[in-house]
Structures are given as structure tokens and as C-alpha cells.
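Q: File structure33.csv follows (CSV, N, CA and C atoms and all ligand atoms):
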chain,number,residue,atom,x,y,z
B,1,MET,N,-3.4,53.6,26.8
B,1,MET,CA,-3.3,53.4,25.4
B,1,MET,C,-3.5,51.9,25.0
B,2,PRO,N,-4.4,51.7,24.1
B,2,PRO,CA,-4.7,50.3,23.8
B,2,PRO,C,-3.5,49.7,23.0
B,3,GLN,N,-3.2,48.5,23.3
B,3,GLN,CA,-2.2,47.9,22.6
B,3,GLN,C,-2.7,47.3,21.2
B,4,THR,N,-2.2,47.9,20.2
B,4,THR,CA,-2.6,47.3,18.9
B,4,THR,C,-1.7,46.1,18.6
B,5,VAL,N,-2.4,45.1,18.2
B,5,VAL,CA,-1.6,43.9,17.9
B,5,VAL,C,-1.1,44.0,16.4
B,6,ILE,N,0.2,44.3,16.3
B,6,ILE,CA,0.7,44.4,15.0
B,6,ILE,C,1.5,43.1,14.6
B,7,LYS,N,1.3,42.1,15.4
B,7,LYS,CA,1.9,40.9,15.2
B,7,LYS,C,1.7,40.4,13.8
B,8,ARG,N,2.7,40.3,13.0
B,8,ARG,CA,2.6,39.9,11.6
B,8,ARG,C,2.0,38.5,11.5
B,9,THR,N,1.0,38.3,10.8
B,9,THR,CA,0.4,37.0,10.6
B,9,THR,C,1.2,36.3,9.5
B,10,SER,N,2.0,35.4,10.0
B,10,SER,CA,2.8,34.7,9.0
B,10,SER,C,1.9,33.6,8.3
B,11,SER,N,2.2,33.4,7.0
B,11,SER,CA,1.4,32.4,6.3
B,11,SER,C,1.9,31.0,6.7
B,12,ARG,N,3.2,31.0,7.2
B,12,ARG,CA,3.7,29.8,7.6
B,12,ARG,C,3.3,29.4,9.0
B,13,GLN,N,2.7,28.2,9.1
B,13,GLN,CA,2.4,27.8,10.5
B,13,GLN,C,3.6,27.4,11.3
B,14,GLU,N,3.5,27.6,12.5
B,14,GLU,CA,4.6,27.1,13.4
B,14,GLU,C,4.6,25.6,13.3
B,15,ILE,N,5.8,25.1,12.9
B,15,ILE,CA,5.9,23.6,12.7
B,15,ILE,C,6.6,23.0,13.9
B,16,ASN,N,5.9,22.0,14.6
B,16,ASN,CA,6.6,21.4,15.7
B,16,ASN,C,7.7,20.5,15.3
B,17,PRO,N,8.7,20.3,16.2
B,17,PRO,CA,9.9,19.6,15.8
B,17,PRO,C,9.6,18.2,15.2
B,18,GLU,N,8.6,17.5,15.7
B,18,GLU,CA,8.3,16.2,15.2
B,18,GLU,C,7.8,16.2,13.8
B,19,THR,N,6.9,17.2,13.5
B,19,THR,CA,6.4,17.4,12.1
B,19,THR,C,7.6,17.8,11.2
B,20,LYS,N,8.5,18.6,11.8
B,20,LYS,CA,9.6,19.0,11.0
B,20,LYS,C,10.5,17.8,10.5
B,21,LYS,N,10.5,16.8,11.4
B,21,LYS,CA,11.3,15.6,11.0
B,21,LYS,C,10.6,14.9,9.8
B,22,PHE,N,9.3,14.9,9.9
B,22,PHE,CA,8.5,14.3,8.8
B,22,PHE,C,8.7,15.1,7.5
B,23,GLU,N,8.7,16.4,7.7
B,23,GLU,CA,8.9,17.2,6.5
B,23,GLU,C,10.3,16.9,5.8
B,24,GLU,N,11.3,16.8,6.7
B,24,GLU,CA,12.6,16.5,6.1
B,24,GLU,C,12.6,15.2,5.4
B,25,ARG,N,12.0,14.2,6.0
B,25,ARG,CA,11.9,12.9,5.3
B,25,ARG,C,11.1,13.0,4.0
B,26,LEU,N,10.1,13.8,4.0
B,26,LEU,CA,9.3,13.9,2.8
B,26,LEU,C,10.1,14.6,1.7
B,27,LEU,N,10.8,15.6,2.1
B,27,LEU,CA,11.6,16.4,1.1
B,27,LEU,C,12.7,15.5,0.5
B,28,GLN,N,13.3,14.7,1.4
B,28,GLN,CA,14.3,13.7,1.0
B,28,GLN,C,13.7,12.7,0.0
B,29,GLU,N,12.6,12.2,0.4
B,29,GLU,CA,12.0,11.1,-0.4
B,29,GLU,C,11.6,11.7,-1.8
B,30,LYS,N,11.1,12.9,-1.7
B,30,LYS,CA,10.7,13.6,-3.0
B,30,LYS,C,11.9,13.8,-3.9
B,31,ARG,N,13.0,14.2,-3.3
B,31,ARG,CA,14.2,14.4,-4.1
B,31,ARG,C,14.6,13.1,-4.8
B,32,SER,N,14.6,12.0,-4.0
B,32,SER,CA,15.1,10.7,-4.6
B,32,SER,C,14.1,10.2,-5.7
B,33,LEU,N,12.8,10.4,-5.4
B,33,LEU,CA,11.8,10.0,-6.4
B,33,LEU,C,11.9,10.8,-7.7
B,34,ALA,N,12.2,12.1,-7.5
B,34,ALA,CA,12.3,13.0,-8.7
B,34,ALA,C,13.5,12.6,-9.5
B,35,ASP,N,14.6,12.2,-8.8
B,35,ASP,CA,15.8,11.7,-9.5
B,35,ASP,C,15.5,10.4,-10.3
B,36,GLU,N,14.8,9.5,-9.6
B,36,GLU,CA,14.4,8.3,-10.2
B,36,GLU,C,13.5,8.6,-11.5
B,37,ARG,N,12.6,9.5,-11.4
B,37,ARG,CA,11.7,9.8,-12.5
B,37,ARG,C,12.6,10.4,-13.6
B,38,ASP,N,13.5,11.3,-13.3
B,38,ASP,CA,14.3,11.8,-14.4
B,38,ASP,C,15.1,10.7,-15.1
B,39,ARG,N,15.6,9.8,-14.3
B,39,ARG,CA,16.4,8.7,-14.9
B,39,ARG,C,15.6,7.9,-15.8
B,40,ILE,N,14.3,7.6,-15.4
B,40,ILE,CA,13.4,6.8,-16.3
B,40,ILE,C,13.1,7.6,-17.5
B,41,ARG,N,12.8,8.9,-17.4
B,41,ARG,CA,12.5,9.7,-18.5
B,41,ARG,C,13.6,9.7,-19.5
B,42,ARG,N,14.9,9.8,-19.0
B,42,ARG,CA,16.0,9.8,-19.9
B,42,ARG,C,16.1,8.5,-20.7
B,43,ARG,N,15.9,7.4,-19.9
B,43,ARG,CA,16.0,6.1,-20.5
B,43,ARG,C,14.9,5.9,-21.5
B,44,THR,N,13.7,6.3,-21.2
B,44,THR,CA,12.6,6.2,-22.2
B,44,THR,C,12.9,7.0,-23.4
B,45,ALA,N,13.5,8.2,-23.3
B,45,ALA,CA,13.9,8.9,-24.5
B,45,ALA,C,14.9,8.2,-25.3
B,46,GLU,N,15.9,7.6,-24.6
B,46,GLU,CA,16.9,6.8,-25.2
B,46,GLU,C,16.3,5.7,-26.0
B,47,VAL,N,15.4,4.9,-25.4
B,47,VAL,CA,14.8,3.8,-26.1
B,47,VAL,C,14.1,4.3,-27.3
B,48,GLU,N,13.4,5.4,-27.2
B,48,GLU,CA,12.7,5.9,-28.3
B,48,GLU,C,13.6,6.3,-29.4
B,49,GLY,N,14.7,6.9,-29.0
B,49,GLY,CA,15.7,7.3,-30.0
B,49,GLY,C,16.4,6.1,-30.7
B,50,SER,N,16.4,4.9,-30.0
B,50,SER,CA,17.2,3.8,-30.6
B,50,SER,C,16.2,2.9,-31.3
B,51,LEU,N,14.9,3.1,-31.3
B,51,LEU,CA,14.0,2.3,-32.1
B,51,LEU,C,14.4,2.4,-33.6
B,52,PRO,N,14.5,1.2,-34.2
B,52,PRO,CA,14.8,1.2,-35.6
B,52,PRO,C,13.7,1.8,-36.5
B,53,ASN,N,14.0,2.4,-37.5
B,53,ASN,CA,13.0,2.9,-38.5
B,53,ASN,C,12.2,1.8,-39.0
B,54,GLU,N,11.0,2.1,-39.3
B,54,GLU,CA,10.1,1.0,-39.8
B,54,GLU,C,10.6,0.5,-41.2
B,55,ASP,N,11.1,1.4,-42.0
B,55,ASP,CA,11.5,1.0,-43.3
B,55,ASP,C,13.0,0.4,-43.3
B,56,ALA,N,13.6,0.2,-42.1
B,56,ALA,CA,14.9,-0.4,-42.1
B,56,ALA,C,14.8,-1.8,-42.5
B,57,GLY,N,13.8,-2.5,-42.0
B,57,GLY,CA,13.5,-3.9,-42.5
B,57,GLY,C,14.6,-4.9,-42.1
B,58,GLU,N,15.2,-4.7,-40.9
B,58,GLU,CA,16.2,-5.7,-40.5
B,58,GLU,C,15.6,-6.7,-39.5
B,59,ASP,N,15.8,-8.0,-39.8
B,59,ASP,CA,15.2,-9.0,-39.0
B,59,ASP,C,15.8,-9.1,-37.6
B,60,GLU,N,17.1,-8.9,-37.6
B,60,GLU,CA,17.8,-9.1,-36.3
B,60,GLU,C,17.3,-8.0,-35.3
B,61,GLY,N,16.7,-7.0,-35.7
B,61,GLY,CA,16.3,-5.9,-34.8
B,61,GLY,C,15.0,-6.2,-34.1
B,62,THR,N,14.3,-7.2,-34.6
B,62,THR,CA,13.0,-7.5,-34.1
B,62,THR,C,12.9,-7.8,-32.6
B,63,VAL,N,13.8,-8.7,-32.1
B,63,VAL,CA,13.8,-9.1,-30.7
B,63,VAL,C,14.2,-7.9,-29.8
B,64,ASP,N,15.2,-7.2,-30.2
B,64,ASP,CA,15.5,-6.0,-29.5
B,64,ASP,C,14.4,-5.0,-29.4
B,65,LEU,N,13.7,-4.9,-30.5
B,65,LEU,CA,12.6,-4.0,-30.5
B,65,LEU,C,11.5,-4.3,-29.5
B,66,SER,N,11.1,-5.6,-29.5
B,66,SER,CA,10.1,-5.9,-28.5
B,66,SER,C,10.6,-5.8,-27.1
B,67,ASN,N,11.8,-6.1,-26.9
B,67,ASN,CA,12.4,-5.9,-25.5
B,67,ASN,C,12.3,-4.5,-25.1
B,68,SER,N,12.7,-3.6,-26.1
B,68,SER,CA,12.7,-2.2,-25.8
B,68,SER,C,11.4,-1.7,-25.5
B,69,LEU,N,10.4,-2.2,-26.3
B,69,LEU,CA,9.0,-1.7,-26.1
B,69,LEU,C,8.5,-2.2,-24.7
B,70,MET,N,8.9,-3.4,-24.4
B,70,MET,CA,8.4,-3.9,-23.1
B,70,MET,C,9.0,-3.1,-22.0
B,71,ALA,N,10.3,-2.8,-22.1
B,71,ALA,CA,11.0,-2.0,-21.1
B,71,ALA,C,10.4,-0.6,-21.0
B,72,LYS,N,10.0,-0.1,-22.1
B,72,LYS,CA,9.4,1.2,-22.2
B,72,LYS,C,8.1,1.2,-21.4
B,73,GLU,N,7.3,0.2,-21.7
B,73,GLU,CA,6.0,0.1,-21.0
B,73,GLU,C,6.1,0.0,-19.5
B,74,ILE,N,7.1,-0.8,-19.1
B,74,ILE,CA,7.3,-1.0,-17.6
B,74,ILE,C,7.7,0.4,-17.1
B,75,ASP,N,8.6,1.1,-17.8
B,75,ASP,CA,9.1,2.4,-17.3
B,75,ASP,C,7.9,3.4,-17.2
B,76,ILE,N,7.0,3.3,-18.2
B,76,ILE,CA,5.9,4.2,-18.1
B,76,ILE,C,5.0,4.0,-16.9
B,77,SER,N,4.8,2.7,-16.6
B,77,SER,CA,3.9,2.5,-15.4
B,77,SER,C,4.6,2.8,-14.1
B,78,VAL,N,5.9,2.5,-14.1
B,78,VAL,CA,6.7,2.9,-12.9
B,78,VAL,C,6.7,4.4,-12.7
B,79,ASN,N,6.9,5.1,-13.9
B,79,ASN,CA,6.9,6.5,-13.8
B,79,ASN,C,5.5,7.1,-13.3
B,80,GLU,N,4.4,6.4,-13.7
B,80,GLU,CA,3.1,6.9,-13.3
B,80,GLU,C,3.0,6.7,-11.8
B,81,SER,N,3.4,5.6,-11.2
B,81,SER,CA,3.3,5.4,-9.8
B,81,SER,C,4.2,6.4,-9.0
B,82,LEU,N,5.4,6.7,-9.7
B,82,LEU,CA,6.3,7.7,-9.1
B,82,LEU,C,5.6,9.0,-9.0
B,83,GLU,N,5.0,9.4,-10.1
B,83,GLU,CA,4.2,10.7,-10.1
B,83,GLU,C,3.2,10.7,-9.0
B,84,ASP,N,2.4,9.6,-8.9
B,84,ASP,CA,1.4,9.6,-7.9
B,84,ASP,C,2.0,9.8,-6.5
B,85,THR,N,3.1,9.1,-6.2
B,85,THR,CA,3.7,9.3,-4.9
B,85,THR,C,4.3,10.7,-4.7
B,86,ILE,N,4.8,11.2,-5.7
B,86,ILE,CA,5.3,12.6,-5.6
B,86,ILE,C,4.2,13.6,-5.3
B,87,GLN,N,3.1,13.3,-6.0
B,87,GLN,CA,1.9,14.2,-5.7
B,87,GLN,C,1.4,14.0,-4.3
B,88,ASP,N,1.4,12.8,-3.8
B,88,ASP,CA,1.0,12.5,-2.4
B,88,ASP,C,2.0,13.3,-1.4
B,89,ILE,N,3.3,13.2,-1.8
B,89,ILE,CA,4.3,13.9,-0.9
B,89,ILE,C,4.0,15.4,-0.9
B,90,ASP,N,3.7,16.0,-2.1
B,90,ASP,CA,3.4,17.4,-2.2
B,90,ASP,C,2.2,17.8,-1.3
B,91,MET,N,1.2,16.9,-1.4
B,91,MET,CA,0.0,17.1,-0.6
B,91,MET,C,0.3,17.1,0.9
B,92,ALA,N,1.2,16.1,1.3
B,92,ALA,CA,1.5,16.0,2.7
B,92,ALA,C,2.3,17.3,3.1
B,93,LEU,N,3.2,17.8,2.2
B,93,LEU,CA,4.0,18.9,2.5
B,93,LEU,C,3.1,20.2,2.7
B,94,ARG,N,2.1,20.2,1.9
B,94,ARG,CA,1.2,21.3,2.0
B,94,ARG,C,0.4,21.3,3.3
B,95,LYS,N,0.0,20.1,3.7
B,95,LYS,CA,-0.7,19.9,4.9
B,95,LYS,C,0.2,20.3,6.1
B,96,ILE,N,1.5,20.0,6.0
B,96,ILE,CA,2.4,20.5,7.1
B,96,ILE,C,2.3,22.0,7.2
B,97,HIS,N,2.3,22.7,6.1
B,97,HIS,CA,2.3,24.2,6.2
B,97,HIS,C,1.0,24.7,6.5
B,98,GLU,N,-0.1,23.9,6.3
B,98,GLU,CA,-1.4,24.4,6.7
B,98,GLU,C,-1.7,24.0,8.1
B,99,GLY,N,-0.8,23.2,8.7
B,99,GLY,CA,-1.0,22.8,10.1
B,99,GLY,C,-2.0,21.6,10.2
B,100,THR,N,-2.2,20.9,9.1
B,100,THR,CA,-3.2,19.8,9.2
B,100,THR,C,-2.5,18.5,9.0
B,101,TYR,N,-1.2,18.5,9.1
B,101,TYR,CA,-0.4,17.3,8.8
B,101,TYR,C,-0.8,16.2,9.9
B,102,GLY,N,-1.0,15.0,9.5
B,102,GLY,CA,-1.3,14.0,10.5
B,102,GLY,C,-2.8,13.9,10.8
B,103,ILE,N,-3.6,14.7,10.0
B,103,ILE,CA,-5.0,14.7,10.2
B,103,ILE,C,-5.6,14.0,8.9
B,104,CYS,N,-6.5,13.1,9.1
B,104,CYS,CA,-7.1,12.4,8.0
B,104,CYS,C,-8.0,13.3,7.2
B,105,ASP,N,-7.8,13.2,5.8
B,105,ASP,CA,-8.5,14.0,4.9
B,105,ASP,C,-10.0,13.7,4.9
B,106,ILE,N,-10.4,12.5,5.3
B,106,ILE,CA,-11.8,12.2,5.2
B,106,ILE,C,-12.5,12.3,6.5
B,107,CYS,N,-12.0,11.7,7.6
B,107,CYS,CA,-12.8,11.7,8.9
B,107,CYS,C,-12.2,12.8,9.8
B,108,GLU,N,-11.1,13.4,9.4
B,108,GLU,CA,-10.5,14.5,10.2
B,108,GLU,C,-10.0,14.0,11.6
B,109,GLY,N,-9.9,12.7,11.7
B,109,GLY,CA,-9.3,12.1,12.9
B,109,GLY,C,-7.8,12.1,12.7
B,110,LYS,N,-7.1,11.8,13.8
B,110,LYS,CA,-5.7,11.8,13.8
B,110,LYS,C,-5.2,10.5,13.1
B,111,ILE,N,-4.1,10.6,12.3
B,111,ILE,CA,-3.5,9.5,11.7
B,111,ILE,C,-2.5,8.9,12.7
B,112,ALA,N,-2.5,7.6,12.9
B,112,ALA,CA,-1.6,7.0,13.9
B,112,ALA,C,-0.2,7.4,13.6
B,113,LYS,N,0.6,7.6,14.6
B,113,LYS,CA,2.0,8.0,14.4
B,113,LYS,C,2.8,6.9,13.7
B,114,ALA,N,2.4,5.7,14.1
B,114,ALA,CA,3.1,4.5,13.5
B,114,ALA,C,2.9,4.5,12.0
B,115,ARG,N,1.7,4.9,11.6
B,115,ARG,CA,1.4,4.9,10.2
B,115,ARG,C,2.2,6.0,9.5
B,116,LEU,N,2.4,7.1,10.1
B,116,LEU,CA,3.1,8.2,9.5
B,116,LEU,C,4.6,7.9,9.5
B,117,GLU,N,5.1,7.1,10.5
B,117,GLU,CA,6.5,6.7,10.5
B,117,GLU,C,6.7,5.8,9.3
B,118,ALA,N,5.8,4.9,9.1
B,118,ALA,CA,5.9,4.0,8.0
B,118,ALA,C,5.7,4.6,6.6
B,119,LEU,N,4.8,5.6,6.6
B,119,LEU,CA,4.4,6.2,5.3
B,119,LEU,C,4.1,7.7,5.6
B,120,PRO,N,5.2,8.5,5.6
B,120,PRO,CA,5.1,9.9,5.9
B,120,PRO,C,4.1,10.7,5.1
B,121,HIS,N,3.9,10.2,3.9
B,121,HIS,CA,3.0,11.0,3.0
B,121,HIS,C,1.5,10.5,3.1
B,122,ALA,N,1.2,9.7,4.1
B,122,ALA,CA,-0.1,9.3,4.3
B,122,ALA,C,-1.0,10.5,4.6
B,123,THR,N,-2.2,10.6,3.8
B,123,THR,CA,-3.1,11.7,4.1
B,123,THR,C,-4.4,11.2,4.6
B,124,LEU,N,-4.5,9.8,4.8
B,124,LEU,CA,-5.7,9.2,5.3
B,124,LEU,C,-5.3,8.3,6.4
B,125,CYS,N,-6.3,8.2,7.4
B,125,CYS,CA,-6.0,7.2,8.5
B,125,CYS,C,-6.2,5.8,7.9
B,126,LEU,N,-5.8,4.8,8.6
B,126,LEU,CA,-5.8,3.5,8.2
B,126,LEU,C,-7.2,3.0,7.8
B,127,LYS,N,-8.2,3.5,8.6
B,127,LYS,CA,-9.6,3.1,8.4
B,127,LYS,C,-10.1,3.6,7.1
B,128,CYS,N,-9.9,4.9,6.9
B,128,CYS,CA,-10.4,5.6,5.7
B,128,CYS,C,-9.6,5.0,4.4
B,129,GLN,N,-8.3,4.8,4.6
B,129,GLN,CA,-7.6,4.2,3.5
B,129,GLN,C,-8.1,2.9,3.0
B,130,SER,N,-8.5,2.1,4.0
B,130,SER,CA,-9.0,0.8,3.6
B,130,SER,C,-10.4,0.9,3.0
B,131,LEU,N,-11.1,1.9,3.5
B,131,LEU,CA,-12.5,2.1,2.8
B,131,LEU,C,-12.3,2.6,1.4
B,132,VAL,N,-11.4,3.5,1.2
B,132,VAL,CA,-11.1,4.0,-0.2
B,132,VAL,C,-10.7,2.9,-1.1
B,133,GLU,N,-9.7,2.0,-0.6
B,133,GLU,CA,-9.2,1.0,-1.4
B,133,GLU,C,-10.2,-0.1,-1.6
B,134,GLY,N,-11.2,-0.2,-0.8
B,134,GLY,CA,-12.2,-1.2,-0.9
B,134,GLY,C,-13.2,-0.9,-2.1
B,135,PHE,N,-13.2,0.3,-2.5
B,135,PHE,CA,-14.1,0.7,-3.6
B,135,PHE,C,-13.6,0.1,-5.0
B,201,ZN,ZN,-10.0,8.8,8.5
For this file, produce the structure as C-alpha cells.
A:
Amino acid sequence: MPQTVIKRTSSRQEINPETKKFEERLLQEKRSLADERDRIRRRTAEVEGSLPNEDAGEDEGTVDLSNSLMAKEIDISVNESLEDTIQDIDMALRKIHEGTYGICDICEGKIAKARLEALPHATLCLKCQSLVEGF
């Protein structure tokens, strides 16, 4: 009797312990970045809420206003880079489950372990990263 292989094909790849460690770091980092993002969003909302009305016409409010606007602009750019990093982390997490974690997106070579240790969400090897940044 031929053995039929009924082995369920799991959509989840077997994750080796080393990659598992990176996954934990990535999830942890993502959590703290998401917290940071929420904090900035709340603060931006507060600044918006505290901006004086245009028709209030109070001189003493002017300095505060420009400070608030500046703080808001800084928050927005910080928030954007946080979003970028969170996206990179999501990408790396997806690669972990696809079994391609640690493989460069461009040249498909292995990303040096030291690089992943320093930057767990790296999706490019050092060489390709510097090529991309050179553009
Ligand atoms: Zn590469």
C-alpha cells in the first residue's frame, strides 16, 4: 500500500532558534517604536488642540505658537522615520516567516550575521545597502 503523504503543509516555515531570537528582538523593537509613535501622535494632537485661535489676537501667545509649531514639525519627521523603521521591521518579520530572513533582497546573498545583530531589520546586505544609499 503506497504511503500517501498527508503531512499538512504548514504555511509557517520552521524557524531556527537563531532566527527566533531575531524575531523576538524585532517584535520587541516594534512594540517600543509603536509606543513611541503613539506618544508622539498624542503630543501632536495636544499641540494642535492648544494652538490659539487666529482671532484671539494675543501677542504673548506668539512665541509659544512658533515653539509649538517647531516641536510639531520635529515630531512629524520623527514620526515618519519611526513609520519607516516599523515598516522595515514588518518586512523582516515577513521574511522570517517566508524563510528568507537574512537573505539580501537585491543580490540574494547572505546578510552578514554581525549586520543582523546590529540591525535586525536589515533586508539588504551591506554592499547593496551602500549601493542603494549611493543613489
Ligand atoms: Zn546584497
Q: Tell me, as a list in words, which residues lie within 8 Å of stretch 85-101 of chain B, counting only N, CA and C atoms; anything in the same chain fewer than 6 positions away does not count.
A: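 The contact residues come out as Ser11, Arg12, Gln13, Glu14, Ile15, Thr19, Lys20, Phe22, Glu23, Leu26, Leu27, Glu29, Lys30, Leu33, Ala34, Asn79, Lys110, Ile111, Pro120, His121, Ala122 and Thr123 of chain B.
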Q: Can you pull out every residue with an atom within 8 Å of ligand ZN 201 (chain B)? Use only C-alpha atoms and all ligand atoms and format it as JSON, numbers by chain.
A: {"B": [103, 104, 105, 106, 107, 108, 109, 110, 111, 124, 125, 126, 127, 128, 129]}
Q: Looking at B:Arg25, B:Glu80, B:Glu73, B:Asn16, which one is nearest to B:Ala118, with distances taken over only C-alpha atoms?
A: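 Among the listed residues, the smallest separation from B:Ala118 belongs to B:Arg25.
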Q: So that all listed atoms of stretch 90-108 of chain B fit with 4 Å spare on each side, what axis-aligned box centre and edge lengths in Å, to one decimal, would you give as AutoDock Vina command-line options?
A:
--center_x -4.4 --center_y 18.2 --center_z 4.7 --size_x 24.8 --size_y 21.0 --size_z 21.8
Q: How many Å lie between atom C of B:Gln28 and atom C of B:Leu82, rounded to one decimal?
A: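 Interatomic distance, atom C of B:Gln28 to atom C of B:Leu82: 12.7 Å.
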Q: Would you return as a count of residues only the members of chain B that DSSP assigns to helix (DSSP H, G or I) on this structure's backbone?
A: 90
Q: So what do you get for atom N of B:Ser130 versus atom N of B:Ser77, distance-wise?
A: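 The value is 24.5 Å.
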Q: As a count of residues only, please: the residues near B:Thr44 (cut-off 8 Å, all atoms listed in the file, same-chain neighbours under 4 positions excluded).
A: 10
Q: Just give me the gap between atom C of B:Leu119 and atom C of B:Val132 in Å, one decimal is fine.
A: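 Atom C of B:Val132 lies at a distance of 16.9 Å from atom C of B:Leu119.
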